[in-house]
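Colleague: structure-v1.csv (CSV, C-alpha atoms and all ligand atoms) pasted underneath:
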chain,number,residue,atom,x,y,z
A,624,MET,CA,11.6,-20.9,7.3
A,625,GLU,CA,9.8,-19.9,4.1
A,626,GLU,CA,11.6,-17.4,1.8
A,627,TYR,CA,8.7,-15.0,1.8
A,628,LEU,CA,6.2,-14.1,4.5
A,629,LEU,CA,3.7,-12.9,1.9
A,630,GLU,CA,3.5,-13.6,-1.8
A,631,VAL,CA,0.8,-12.0,-3.9
A,632,ARG,CA,0.5,-13.7,-7.3
A,633,ASN,CA,-1.5,-12.3,-10.2
A,634,LEU,CA,-4.2,-10.8,-7.9
A,635,LYS,CA,-7.3,-9.6,-9.7
A,636,THR,CA,-10.0,-7.9,-7.8
A,637,TYR,CA,-12.9,-6.6,-9.9
A,638,PHE,CA,-16.1,-4.7,-9.2
A,639,TYR,CA,-19.4,-5.4,-10.8
A,640,ASN,CA,-21.9,-2.5,-10.9
A,641,ASP,CA,-24.9,-2.1,-13.3
A,642,GLY,CA,-23.5,-4.6,-15.7
A,643,THR,CA,-20.0,-3.0,-15.9
A,644,GLU,CA,-16.8,-4.7,-14.9
A,645,THR,CA,-14.2,-2.5,-13.2
A,646,PRO,CA,-10.7,-4.1,-12.9
A,647,ALA,CA,-9.6,-2.2,-9.8
A,648,VAL,CA,-6.6,-4.6,-9.2
A,649,ASP,CA,-5.6,-6.3,-12.4
A,650,GLY,CA,-2.9,-9.0,-12.2
A,651,VAL,CA,-0.8,-7.6,-9.3
A,652,SER,CA,2.2,-9.6,-8.0
A,653,PHE,CA,4.7,-8.8,-5.3
A,654,GLU,CA,6.4,-10.5,-2.3
A,655,LEU,CA,7.5,-9.5,1.1
A,656,LYS,CA,10.2,-11.1,3.3
A,657,ARG,CA,10.2,-11.1,7.1
A,658,GLY,CA,11.2,-7.8,8.6
A,659,GLU,CA,11.0,-6.0,5.2
A,660,THR,CA,8.9,-3.0,4.3
A,661,LEU,CA,7.4,-2.8,0.8
A,662,GLY,CA,6.1,0.6,-0.2
A,663,ILE,CA,3.1,0.6,-2.6
A,664,VAL,CA,2.9,4.0,-4.3
A,665,GLY,CA,0.5,5.4,-6.9
A,666,GLU,CA,-2.0,8.2,-7.3
A,667,SER,CA,-5.5,8.0,-6.0
A,668,GLY,CA,-7.6,5.3,-7.7
A,669,SER,CA,-4.6,3.1,-8.7
A,670,GLY,CA,-5.9,0.2,-6.7
A,671,LYS,CA,-3.6,0.4,-3.6
A,672,SER,CA,-6.4,0.1,-1.0
A,673,ILE,CA,-8.3,-2.6,-2.8
A,674,THR,CA,-5.0,-4.6,-2.9
A,675,SER,CA,-4.6,-4.3,0.8
A,676,LEU,CA,-8.3,-5.1,1.5
A,677,SER,CA,-7.9,-8.2,-0.8
A,678,ILE,CA,-5.1,-9.5,1.4
A,679,LEU,CA,-7.3,-9.4,4.4
A,680,GLN,CA,-10.3,-10.8,2.5
A,681,LEU,CA,-12.2,-7.5,3.1
A,682,VAL,CA,-13.1,-6.6,-0.4
A,683,PRO,CA,-16.3,-4.5,-0.3
A,684,LYS,CA,-19.3,-6.8,-0.9
A,685,PRO,CA,-21.4,-7.5,-2.8
A,686,HIS,CA,-19.9,-5.7,-5.8
A,687,GLY,CA,-16.2,-6.5,-5.3
A,688,LYS,CA,-14.8,-9.9,-5.9
A,689,ILE,CA,-11.3,-11.5,-6.1
A,690,VAL,CA,-11.6,-13.2,-9.5
A,691,ASP,CA,-8.1,-14.6,-9.8
A,692,GLY,CA,-4.7,-15.0,-8.2
A,693,GLU,CA,-3.1,-16.2,-5.0
A,694,ILE,CA,-2.3,-14.6,-1.7
A,695,VAL,CA,0.2,-16.9,0.0
A,696,PHE,CA,0.8,-15.9,3.6
A,697,LYS,CA,3.2,-18.2,5.6
A,698,GLY,CA,2.8,-20.8,2.9
A,699,ARG,CA,-1.0,-20.8,2.9
A,700,ASN,CA,-3.3,-19.3,0.3
A,701,LEU,CA,-5.7,-16.9,2.1
A,702,ILE,CA,-8.1,-16.8,-0.9
A,703,GLY,CA,-10.9,-19.3,-0.2
A,704,LEU,CA,-10.3,-19.6,3.5
A,705,SER,CA,-13.5,-19.7,5.6
A,706,GLU,CA,-14.6,-16.5,7.5
A,707,LYS,CA,-13.7,-18.3,10.7
A,708,GLU,CA,-10.2,-19.2,9.5
A,709,ILE,CA,-9.5,-15.7,8.1
A,710,ARG,CA,-10.6,-14.1,11.4
A,711,LYS,CA,-7.9,-16.0,13.2
A,712,ILE,CA,-5.3,-14.4,11.0
A,713,ARG,CA,-6.9,-10.9,10.8
A,714,GLY,CA,-5.9,-8.6,13.7
A,715,ASN,CA,-3.7,-11.4,15.0
A,716,GLU,CA,-1.1,-12.4,12.4
A,717,ILE,CA,-1.9,-9.6,10.0
A,718,SER,CA,-2.9,-6.2,11.4
A,719,MET,CA,-4.0,-3.1,9.5
A,720,ILE,CA,-3.9,0.7,10.2
A,721,PHE,CA,-5.9,3.1,8.1
A,722,GLN,CA,-5.7,6.8,7.2
A,723,GLU,CA,-8.5,8.0,9.5
A,724,PRO,CA,-8.2,6.5,13.0
A,725,MET,CA,-11.6,7.9,14.0
A,726,THR,CA,-13.4,5.5,11.7
A,727,SER,CA,-11.6,2.5,13.2
A,728,LEU,CA,-11.8,3.4,16.9
A,729,ASN,CA,-15.1,2.9,18.7
A,730,PRO,CA,-16.2,6.2,20.2
A,731,VAL,CA,-18.1,4.7,23.2
A,732,TYR,CA,-15.2,2.6,24.6
A,733,THR,CA,-12.1,3.9,26.4
A,734,ILE,CA,-8.9,3.4,24.4
A,735,GLY,CA,-7.6,1.1,27.2
A,736,ASN,CA,-10.6,-1.2,26.8
A,737,GLN,CA,-10.3,-1.3,23.0
A,738,ILE,CA,-6.7,-2.3,23.1
A,739,ALA,CA,-7.3,-4.8,25.9
A,740,GLU,CA,-10.1,-6.3,24.0
A,741,VAL,CA,-7.7,-7.1,21.1
A,742,MET,CA,-5.3,-8.7,23.5
A,743,ILE,CA,-7.8,-10.7,25.4
A,744,LEU,CA,-9.3,-12.0,22.2
A,745,HIS,CA,-6.1,-13.1,20.6
A,746,GLN,CA,-3.7,-13.8,23.4
A,747,LYS,CA,-6.1,-15.2,26.0
A,748,LEU,CA,-5.0,-12.9,28.8
A,749,SER,CA,-6.9,-12.0,32.0
A,750,LYS,CA,-8.2,-8.5,32.4
A,751,ASN,CA,-5.5,-7.5,34.9
A,752,GLN,CA,-2.7,-9.0,32.7
A,753,ALA,CA,-4.1,-7.1,29.7
A,754,LYS,CA,-4.2,-3.8,31.6
A,755,GLU,CA,-0.5,-4.0,32.4
A,756,LYS,CA,0.3,-4.9,28.7
A,757,VAL,CA,-1.9,-2.0,27.4
A,758,ILE,CA,0.0,0.5,29.5
A,759,ASP,CA,3.3,-1.0,28.2
A,760,ILE,CA,2.2,-0.8,24.6
A,761,LEU,CA,0.9,2.8,24.9
A,762,LYS,CA,4.3,3.7,26.3
A,763,THR,CA,6.0,2.0,23.4
A,764,VAL,CA,4.1,4.0,20.9
A,765,GLY,CA,5.0,7.2,22.7
A,766,ILE,CA,1.8,8.1,24.5
A,767,PRO,CA,2.6,10.1,27.6
A,768,ASN,CA,0.8,9.5,30.9
A,769,ALA,CA,-0.3,6.1,29.7
A,770,GLU,CA,-1.8,5.2,33.1
A,771,LYS,CA,-4.3,8.0,32.8
A,772,ARG,CA,-4.8,7.8,29.0
A,773,ILE,CA,-6.2,4.3,29.2
A,774,ASP,CA,-9.4,5.7,30.7
A,775,GLN,CA,-9.9,8.3,28.0
A,776,TYR,CA,-12.2,8.1,24.9
A,777,PRO,CA,-11.0,8.6,21.3
A,778,HIS,CA,-12.5,12.1,21.0
A,779,GLN,CA,-10.3,13.2,23.9
A,780,LEU,CA,-7.1,12.6,21.9
A,781,SER,CA,-5.5,14.6,19.1
A,782,GLY,CA,-5.3,13.1,15.6
A,783,GLY,CA,-1.6,12.1,16.1
A,784,MET,CA,-2.4,10.4,19.5
A,785,ARG,CA,-5.3,8.5,17.9
A,786,GLN,CA,-3.0,7.3,15.2
A,787,ARG,CA,-0.6,6.1,17.9
A,788,VAL,CA,-3.5,4.3,19.6
A,789,MET,CA,-4.3,2.6,16.2
A,790,ILE,CA,-0.7,1.5,15.9
A,791,ALA,CA,-0.7,0.2,19.5
A,792,MET,CA,-3.9,-1.8,18.7
A,793,ALA,CA,-2.3,-3.1,15.5
A,794,LEU,CA,0.8,-4.2,17.4
A,795,ALA,CA,-1.1,-5.5,20.5
A,796,CYS,CA,-1.0,-9.0,19.0
A,797,ASN,CA,2.5,-9.0,17.7
A,798,PRO,CA,1.5,-9.4,14.0
A,799,ASP,CA,3.9,-10.9,11.5
A,800,LEU,CA,2.6,-8.4,8.9
A,801,LEU,CA,1.3,-4.9,9.4
A,802,ILE,CA,-0.6,-3.3,6.5
A,803,ALA,CA,-0.5,0.5,6.8
A,804,ASP,CA,-2.8,2.3,4.3
A,805,GLU,CA,-1.8,6.0,4.2
A,806,PRO,CA,-1.4,6.0,8.0
A,807,THR,CA,0.0,9.5,8.1
A,808,THR,CA,-1.9,11.2,5.3
A,809,ALA,CA,-4.4,12.9,7.6
A,810,LEU,CA,-1.7,14.2,10.0
A,811,ASP,CA,0.3,17.4,10.1
A,812,VAL,CA,3.9,17.2,8.8
A,813,THR,CA,5.5,17.1,12.2
A,814,THR,CA,3.2,14.4,13.6
A,815,GLN,CA,3.6,12.5,10.3
A,816,ALA,CA,7.4,12.4,10.8
A,817,GLN,CA,7.0,11.2,14.4
A,818,ILE,CA,4.6,8.4,13.4
A,819,LEU,CA,7.0,7.3,10.6
A,820,GLU,CA,9.9,7.3,13.0
A,821,LEU,CA,7.8,5.3,15.5
A,822,MET,CA,6.9,2.7,12.8
A,823,ASN,CA,10.6,2.4,11.7
A,824,ASP,CA,11.7,1.9,15.4
A,825,LEU,CA,9.0,-0.7,16.0
A,826,LYS,CA,9.9,-2.6,12.9
A,827,LYS,CA,13.6,-2.8,14.0
A,828,LYS,CA,12.5,-4.1,17.4
A,829,THR,CA,9.9,-6.6,16.4
A,830,ASN,CA,11.0,-7.7,12.9
A,831,THR,CA,7.4,-7.1,11.7
A,832,SER,CA,7.0,-6.9,7.9
A,833,ILE,CA,5.2,-3.8,6.7
A,834,LEU,CA,3.2,-3.2,3.6
A,835,PHE,CA,3.2,0.6,3.4
A,836,ILE,CA,0.7,2.1,1.1
A,837,THR,CA,1.1,5.8,0.3
A,838,HIS,CA,0.9,8.3,-2.5
A,839,ASP,CA,3.8,10.1,-0.9
A,840,LEU,CA,7.3,9.2,-2.3
A,841,GLY,CA,9.0,10.9,0.6
A,842,VAL,CA,7.4,8.3,3.0
A,843,ILE,CA,8.7,5.5,0.8
A,844,ALA,CA,12.2,7.0,0.8
A,845,ASP,CA,12.1,7.2,4.6
A,846,SER,CA,10.8,3.7,5.4
A,847,ALA,CA,10.7,1.1,2.7
A,848,GLU,CA,13.3,-1.3,1.3
A,849,LYS,CA,11.4,-2.1,-1.8
A,850,VAL,CA,8.9,-0.2,-3.9
A,851,ALA,CA,6.0,-1.2,-6.2
A,852,VAL,CA,4.5,1.5,-8.3
A,853,MET,CA,0.9,1.0,-9.2
A,854,TYR,CA,-1.0,2.6,-12.1
A,855,LEU,CA,-4.6,1.8,-12.9
A,856,GLY,CA,-4.7,-1.6,-11.3
A,857,ARG,CA,-1.2,-2.7,-12.5
A,858,VAL,CA,2.3,-2.8,-11.1
A,859,VAL,CA,4.3,-0.7,-13.5
A,860,GLU,CA,7.6,-0.7,-11.6
A,861,TYR,CA,9.0,-2.9,-8.9
A,862,THR,CA,12.5,-2.7,-7.4
A,863,ASP,CA,14.5,-1.9,-4.3
A,864,VAL,CA,14.2,1.6,-3.0
A,865,GLU,CA,17.8,2.8,-3.8
A,866,THR,CA,17.5,1.7,-7.4
A,867,PHE,CA,14.1,3.3,-7.7
A,868,PHE,CA,15.3,6.8,-6.7
A,869,GLU,CA,18.6,6.5,-8.6
A,870,ASP,CA,17.5,4.8,-11.8
A,871,PRO,CA,13.7,4.9,-12.2
A,872,LYS,CA,12.7,3.2,-15.5
A,873,HIS,CA,9.1,3.8,-16.1
A,874,PRO,CA,8.1,7.3,-17.4
A,875,TYR,CA,5.4,7.4,-14.8
A,876,SER,CA,7.9,6.7,-12.0
A,877,LYS,CA,10.2,9.4,-13.4
A,878,GLY,CA,7.4,11.8,-13.4
A,879,LEU,CA,6.5,11.0,-9.8
A,880,ILE,CA,10.1,11.4,-8.7
A,881,THR,CA,10.7,14.7,-10.4
A,882,SER,CA,7.5,16.1,-9.0
A,883,ILE,CA,8.6,15.7,-5.4
A,884,PRO,CA,9.2,19.3,-4.2
A,885,SER,CA,11.9,18.1,-1.9
A,886,LEU,CA,12.3,14.9,0.0
A,887,THR,CA,13.0,16.7,3.3
A,888,ASN,CA,10.3,19.4,3.0
A,889,ARG,CA,7.1,18.0,1.6
A,890,VAL,CA,4.6,20.5,2.8
A,891,GLU,CA,3.1,20.8,-0.6
A,892,ARG,CA,1.6,17.9,-2.6
A,893,LEU,CA,1.8,18.4,-6.3
A,894,THR,CA,-0.1,16.7,-9.0
A,895,PRO,CA,2.7,14.7,-10.4
A,896,ILE,CA,2.1,14.4,-14.0
A,897,GLN,CA,-0.3,16.1,-16.4
A,898,GLY,CA,-3.7,14.5,-16.7
A,899,GLN,CA,-5.4,12.2,-14.4
A,900,VAL,CA,-5.5,8.4,-13.8
A,901,PRO,CA,-8.2,7.2,-16.1
A,902,ARG,CA,-11.0,5.1,-14.5
A,903,PRO,CA,-10.4,1.4,-14.4
A,904,SER,CA,-13.5,1.0,-16.6
A,905,ASP,CA,-11.8,3.0,-19.4
A,906,VAL,CA,-9.0,0.6,-19.8
A,907,THR,CA,-7.9,0.0,-23.4
A,908,GLU,CA,-5.7,-2.6,-25.0
A,909,GLY,CA,-2.6,-0.3,-25.0
A,910,CYS,CA,-0.4,0.8,-22.1
A,911,ARG,CA,-2.6,2.3,-19.5
A,912,PHE,CA,-0.2,5.3,-19.1
A,913,ALA,CA,0.1,6.0,-22.8
A,914,GLY,CA,-2.4,8.9,-22.8
A,915,ARG,CA,-0.2,10.8,-20.3
A,916,CYS,CA,3.2,9.6,-21.5
A,917,LYS,CA,5.6,11.9,-23.4
A,918,GLU,CA,7.4,8.9,-24.8
A,919,ALA,CA,4.4,7.1,-26.2
A,920,ARG,CA,4.5,5.6,-29.7
A,921,ALA,CA,2.0,3.8,-31.8
A,922,LEU,CA,3.1,0.5,-30.2
A,923,CYS,CA,2.2,1.8,-26.8
A,924,VAL,CA,-1.3,2.6,-27.8
A,925,ALA,CA,-1.8,-0.6,-29.7
A,926,GLU,CA,-0.5,-3.1,-27.2
A,927,GLU,CA,0.2,-3.1,-23.5
A,928,PRO,CA,3.8,-3.9,-22.5
A,929,PRO,CA,4.4,-6.9,-20.3
A,930,LEU,CA,6.2,-6.5,-17.0
A,931,LEU,CA,9.9,-6.7,-18.2
A,932,SER,CA,12.8,-7.7,-16.0
A,933,ILE,CA,16.1,-5.9,-16.2
A,934,ASP,CA,18.1,-7.9,-13.6
A,935,ASP,CA,16.0,-7.6,-10.4
A,936,HIS,CA,14.3,-4.4,-11.6
A,937,LYS,CA,10.9,-4.9,-13.2
A,938,THR,CA,9.1,-2.3,-15.3
A,939,ARG,CA,6.1,-2.3,-17.6
A,940,CYS,CA,7.3,-0.2,-20.5
A,941,TRP,CA,8.1,-0.9,-24.1
A,942,ILE,CA,11.2,1.4,-24.1
A,943,TYR,CA,13.1,-1.5,-22.4
A,944,SER,CA,12.1,-4.1,-25.0
A,945,ASP,CA,13.8,-5.1,-28.3
A,946,ARG,CA,10.6,-4.0,-30.1
A,947,TRP,CA,11.2,-0.3,-29.1
A,948,GLU,CA,13.9,0.3,-31.8
A,949,ASP,CA,11.8,-1.2,-34.5
A,950,THR,CA,9.0,1.3,-33.8
A,951,LYS,CA,11.2,4.3,-34.0
A,952,ASP,CA,9.7,6.0,-37.1
A,953,GLU,CA,6.1,5.3,-36.5
A,954,GLY,CA,5.8,8.1,-34.0
A,955,VAL,CA,2.1,8.6,-33.9
A,956,THR,CA,0.3,8.2,-30.5
A,957,GLY,CA,-3.3,7.6,-29.8
A,958,ASN,CA,-3.8,11.3,-29.2
A,959,GLY,CA,-2.8,12.1,-32.7
A,960,ARG,CA,0.5,13.7,-31.6
A,961,THR,CA,3.8,12.7,-33.0
A,962,ALA,CA,6.4,11.4,-30.6
A,963,ALA,CA,8.6,14.4,-31.5
A,964,ALA,CA,5.9,16.9,-31.0
A,965,SER,CA,4.9,15.5,-27.7
A,966,ARG,CA,8.5,15.5,-26.5
A,967,GLU,CA,8.7,19.3,-27.2
A,968,SER,CA,5.5,20.1,-25.4
B,1001,LIG,P1,-6.3,3.8,-4.2
B,1001,LIG,O1,-6.3,3.3,-2.8
B,1001,LIG,O2,-5.1,3.5,-4.9
B,1001,LIG,O3,-6.6,5.3,-4.2
B,1001,LIG,P2,-8.6,2.1,-4.5
B,1001,LIG,O4,-7.9,0.8,-4.3
B,1001,LIG,O5,-9.3,2.6,-3.3
B,1001,LIG,O6,-7.5,3.1,-5.0
B,1001,LIG,O7,-9.6,2.0,-5.7
B,1001,LIG,C1,-9.2,1.5,-7.0
B,1001,LIG,C2,-10.3,1.5,-7.9
B,1001,LIG,O8,-11.3,0.6,-7.5
B,1001,LIG,C3,-11.1,2.9,-7.9
B,1001,LIG,O9,-10.6,3.7,-8.9
B,1001,LIG,C4,-12.5,2.5,-8.2
B,1001,LIG,O10,-12.7,2.5,-9.6
B,1001,LIG,C5,-12.6,1.0,-7.8
B,1001,LIG,N1,-13.4,0.9,-6.5
B,1001,LIG,C6,-12.9,1.0,-5.3
B,1001,LIG,N2,-13.9,0.7,-4.4
B,1001,LIG,C7,-15.0,0.5,-5.1
B,1001,LIG,C8,-16.4,0.2,-4.8
B,1001,LIG,N3,-16.8,0.0,-3.5
B,1001,LIG,N4,-17.2,0.0,-5.8
B,1001,LIG,C9,-16.8,0.1,-7.1
B,1001,LIG,N5,-15.6,0.4,-7.5
B,1001,LIG,C10,-14.7,0.6,-6.5
B,1002,MG,MG,-6.5,4.2,-0.9
For this file, write the structure as C-alpha cells.
Ligand code: ADP
Ligand code: MG
Modeller:
Amino acid sequence: MEEYLLEVRNLKTYFYNDGTETPAVDGVSFELKRGETLGIVGESGSGKSITSLSILQLVPKPHGKIVDGEIVFKGRNLIGLSEKEIRKIRGNEISMIFQEPMTSLNPVYTIGNQIAEVMILHQKLSKNQAKEKVIDILKTVGIPNAEKRIDQYPHQLSGGMRQRVMIAMALACNPDLLIADEPTTALDVTTQAQILELMNDLKKKTNTSILFITHDLGVIADSAEKVAVMYLGRVVEYTDVETFFEDPKHPYSKGLITSIPSLTNRVERLTPIQGQVPRPSDVTEGCRFAGRCKEARALCVAEEPPLLSIDDHKTRCWIYSDRWEDTKDEGVTGNGRTAAASRES
C-alpha cells in the first residue's frame, strides 16, 4: 500500500480579477496517511477553504485557477483529470462537509431520499437496500427515531441534526478521505462537542482519513494527529499535534496558542494576534507575518524565510536559521520600529 493516501505538493491556486492576481494558496504542501487526521488551522482568509476546494477540483470558476502543484490521491494526480473522472472520486472516495449544512442539503427532498441518492449513485444499490442502509447510517451518526426522520425535510431538523445528516451523507459511500471545512463552527458549544466526538468515533471505526479545517485550536487538540498552520496562503508551521502545543516554533503559532482562553472552555473566540491577516494581493517580498510579528528584524521584511526543517518539525521563520544571529544588530523592521522597542510594546 502507498505510504500516503493524499500528498499535496506545492499547490498554488490563484484568483484573477480585474487584472490583479491573488495568490490565495501559494505553494502549499502536506501529506496524509490512512486513518490520520490533519488539522489545517489559520485565521479567516488564510487559504484553508481554497486548499480543500482545490483537492476536489472545485475552485470557483472562472476567476480561480490551480496554477501549479500536484494533488496525489492514492497515487494519482487529481489535477488535470477530466470532469467525468473527478466525479467518480468526489462524494465517493473523497467526501466533504461544510460549515453550513443548509446550503448543501436540498430543501425539497427528504433527508432519507438525499442520503439514499448518494448510495444508489455510488454503490449501485436498489431502493429498498438503500433505505435499510440509510436508517443504519442515521443511527450511526446519532439521530434518534431514524425510521421516522428519513421522511423529514431539512428545515424540520435542528442545526446539530442537519450537520449529523451531512456527516451521514459524507459517510454513505465509505470515503477514504473526509474533508471537513469548519463543520462545527455554526453550532453551539455542546453540539460542537458531540459532533467532534462522533467524528472521532467514526474515524476509529472506519479508518477514514480526515482533513479537518478550522480556525479553532481546541478542535485541533481534540481530534488531529498532525497540524498545518496556514498564514496568507502559506504553510508556516507543520508538525504533530503534541509537539505543536508543547513547542510551537513560529511566532504566529505561539500567538494563536497563547490566545486560546482555555482548551476545555472555548465559549469565547478571541482575535489571536494584533492586526489582521493582510489580503493576498498585498503580499510583499518579506515574511508575510512580519507586519504583525514582535520578533521581526530587517531580514524578515527584506526576504521571506523558506520552510525550515528542525527534525520532523517544519517552520517558516528566520529565527531558526543560521542567518538569524548575523542579523542581530540591524533591528529595524519595516514598520520603522526597532526590534527592542517592538518587544517592549
Ligand atoms: P479561509 O478558508 O482560510 O478563510 P479562503 O480559502 O476562503 O480562506 O480564501 C483565501 C483567500 O482567497 C481570500 O482571502 C480571498 O482573497 C481569496 N478568495 C477566495 N475566494 C475567492 C473568489 N471567489 N474570488 C476571488 N478571491 C477569492
Ligand atoms: Mg474557509
Colleague: Counting all atoms listed in the file, give me one row per residue of range 849-873 of chain A with an atom at most 12 Å from an atom of range 628-651 of chain A, showing the shortest contact pair and its distance in Å to one decimal, sorted by chain then residue number, as a Markdown table.
Modeller:
| residue | atom | partner | partner_atom | distance |
| --- | --- | --- | --- | --- |
| A:Ala851 | CA | A:Val651 | CA | 9.8 |
| A:Val852 | CA | A:Val651 | CA | 10.6 |
| A:Met853 | CA | A:Val651 | CA | 8.8 |
| A:Tyr854 | CA | A:Val648 | CA | 9.6 |
| A:Leu855 | CA | A:Ala647 | CA | 7.1 |
| A:Gly856 | CA | A:Val648 | CA | 4.1 |
| A:Arg857 | CA | A:Asp649 | CA | 5.7 |
| A:Val858 | CA | A:Val651 | CA | 6.0 |
| A:Val859 | CA | A:Val651 | CA | 9.6 |
| A:Glu860 | CA | A:Val651 | CA | 11.1 |
| A:Tyr861 | CA | A:Val651 | CA | 10.9 |
Colleague: Go through the chains and note each residue within 8 Å of ligand MG 1002 (chain B), using all atoms listed in the file, then give the set as a tab-separated table (two decimals) with C-alpha atoms, in the frame of the given file.
Modeller:
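Okay, this is what ended up in pocket_0.tsv:
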chain	number	residue	atom	x	y	z
A	667	SER	CA	-5.50	8.00	-6.00
A	668	GLY	CA	-7.60	5.30	-7.70
A	670	GLY	CA	-5.90	0.20	-6.70
A	671	LYS	CA	-3.60	0.40	-3.60
A	672	SER	CA	-6.40	0.10	-1.00
A	673	ILE	CA	-8.30	-2.60	-2.80
A	804	ASP	CA	-2.80	2.30	4.30
A	805	GLU	CA	-1.80	6.00	4.20
A	836	ILE	CA	0.70	2.10	1.10
A	837	THR	CA	1.10	5.80	0.30
Colleague: Counting all atoms listed in the file, which residues in range 794-904 of chain A sit no more than 9 Å from range 714-722 of chain A? For each one, give the nearest pair of atoms and the distance in Å, sorted by chain then residue number, as CSV.
Modeller:
residue,atom,partner,partner_atom,distance
A:Leu794,CA,A:Ser718,CA,7.3
A:Ala795,CA,A:Asn715,CA,8.5
A:Cys796,CA,A:Asn715,CA,5.4
A:Asn797,CA,A:Asn715,CA,7.2
A:Pro798,CA,A:Glu716,CA,4.3
A:Asp799,CA,A:Glu716,CA,5.3
A:Leu800,CA,A:Ile717,CA,4.8
A:Leu801,CA,A:Ser718,CA,4.8
A:Ile802,CA,A:Met719,CA,4.5
A:Ala803,CA,A:Ile720,CA,4.8
A:Asp804,CA,A:Phe721,CA,5.0
A:Glu805,CA,A:Gln722,CA,5.0
A:Pro806,CA,A:Gln722,CA,4.4
A:Thr807,CA,A:Gln722,CA,6.4
A:Thr808,CA,A:Gln722,CA,6.1
A:Ala809,CA,A:Gln722,CA,6.2
A:Leu810,CA,A:Gln722,CA,8.9
Colleague: Can you pull out the residues contacting Cys940 in chain A? Cut-off 8 Å, using only C-alpha atoms, and skip same-chain residues under 6 positions away; I want them as a list of chain:residue names.
Modeller: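 Residues meeting the cut-off are A:Val859, A:His873, A:Cys910, A:Pro928, A:Pro929, A:Leu930, A:Leu931.
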Colleague: So how far away is CA of Val695 in chain A from CA of Leu728 in chain A, in Å?
Modeller: 29.0 Å
Colleague: So what do you get for CA of Asp824 in chain A versus CA of Ile663 in chain A, distance-wise?
Modeller: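 CA of Ile663 in chain A lies at a distance of 20.0 Å from CA of Asp824 in chain A.
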Colleague: Between CA of Cys916 in chain A and CA of Tyr875 in chain A, measure the distance and give it in Å to one decimal.
Modeller: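 Atom-to-atom, CA of Cys916 in chain A to CA of Tyr875 in chain A, that is 7.4 Å.
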Colleague: Which residue, A:Glu659, A:Glu666, A:Glu918, A:Asp759, has the smallest gap to ligand LIG 1001 (chain B) when you use only C-alpha atoms and all ligand atoms?
Modeller: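 So, comparing all the options, the nearest one is A:Glu666.
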Colleague: List as a list in words the protein and nucleic acid residues near Thr866 in chain A, meaning an atom at most 12 Å away when only C-alpha atoms are counted, but skip any in the same chain fewer than 4 places from it.
Modeller: Ala844, Glu848, Lys849, Val850, Ala851, Glu860, Tyr861, Thr862, Asp870, Pro871, Lys872, Ser876, Ile933, Asp934, Asp935, His936 and Lys937 of chain A
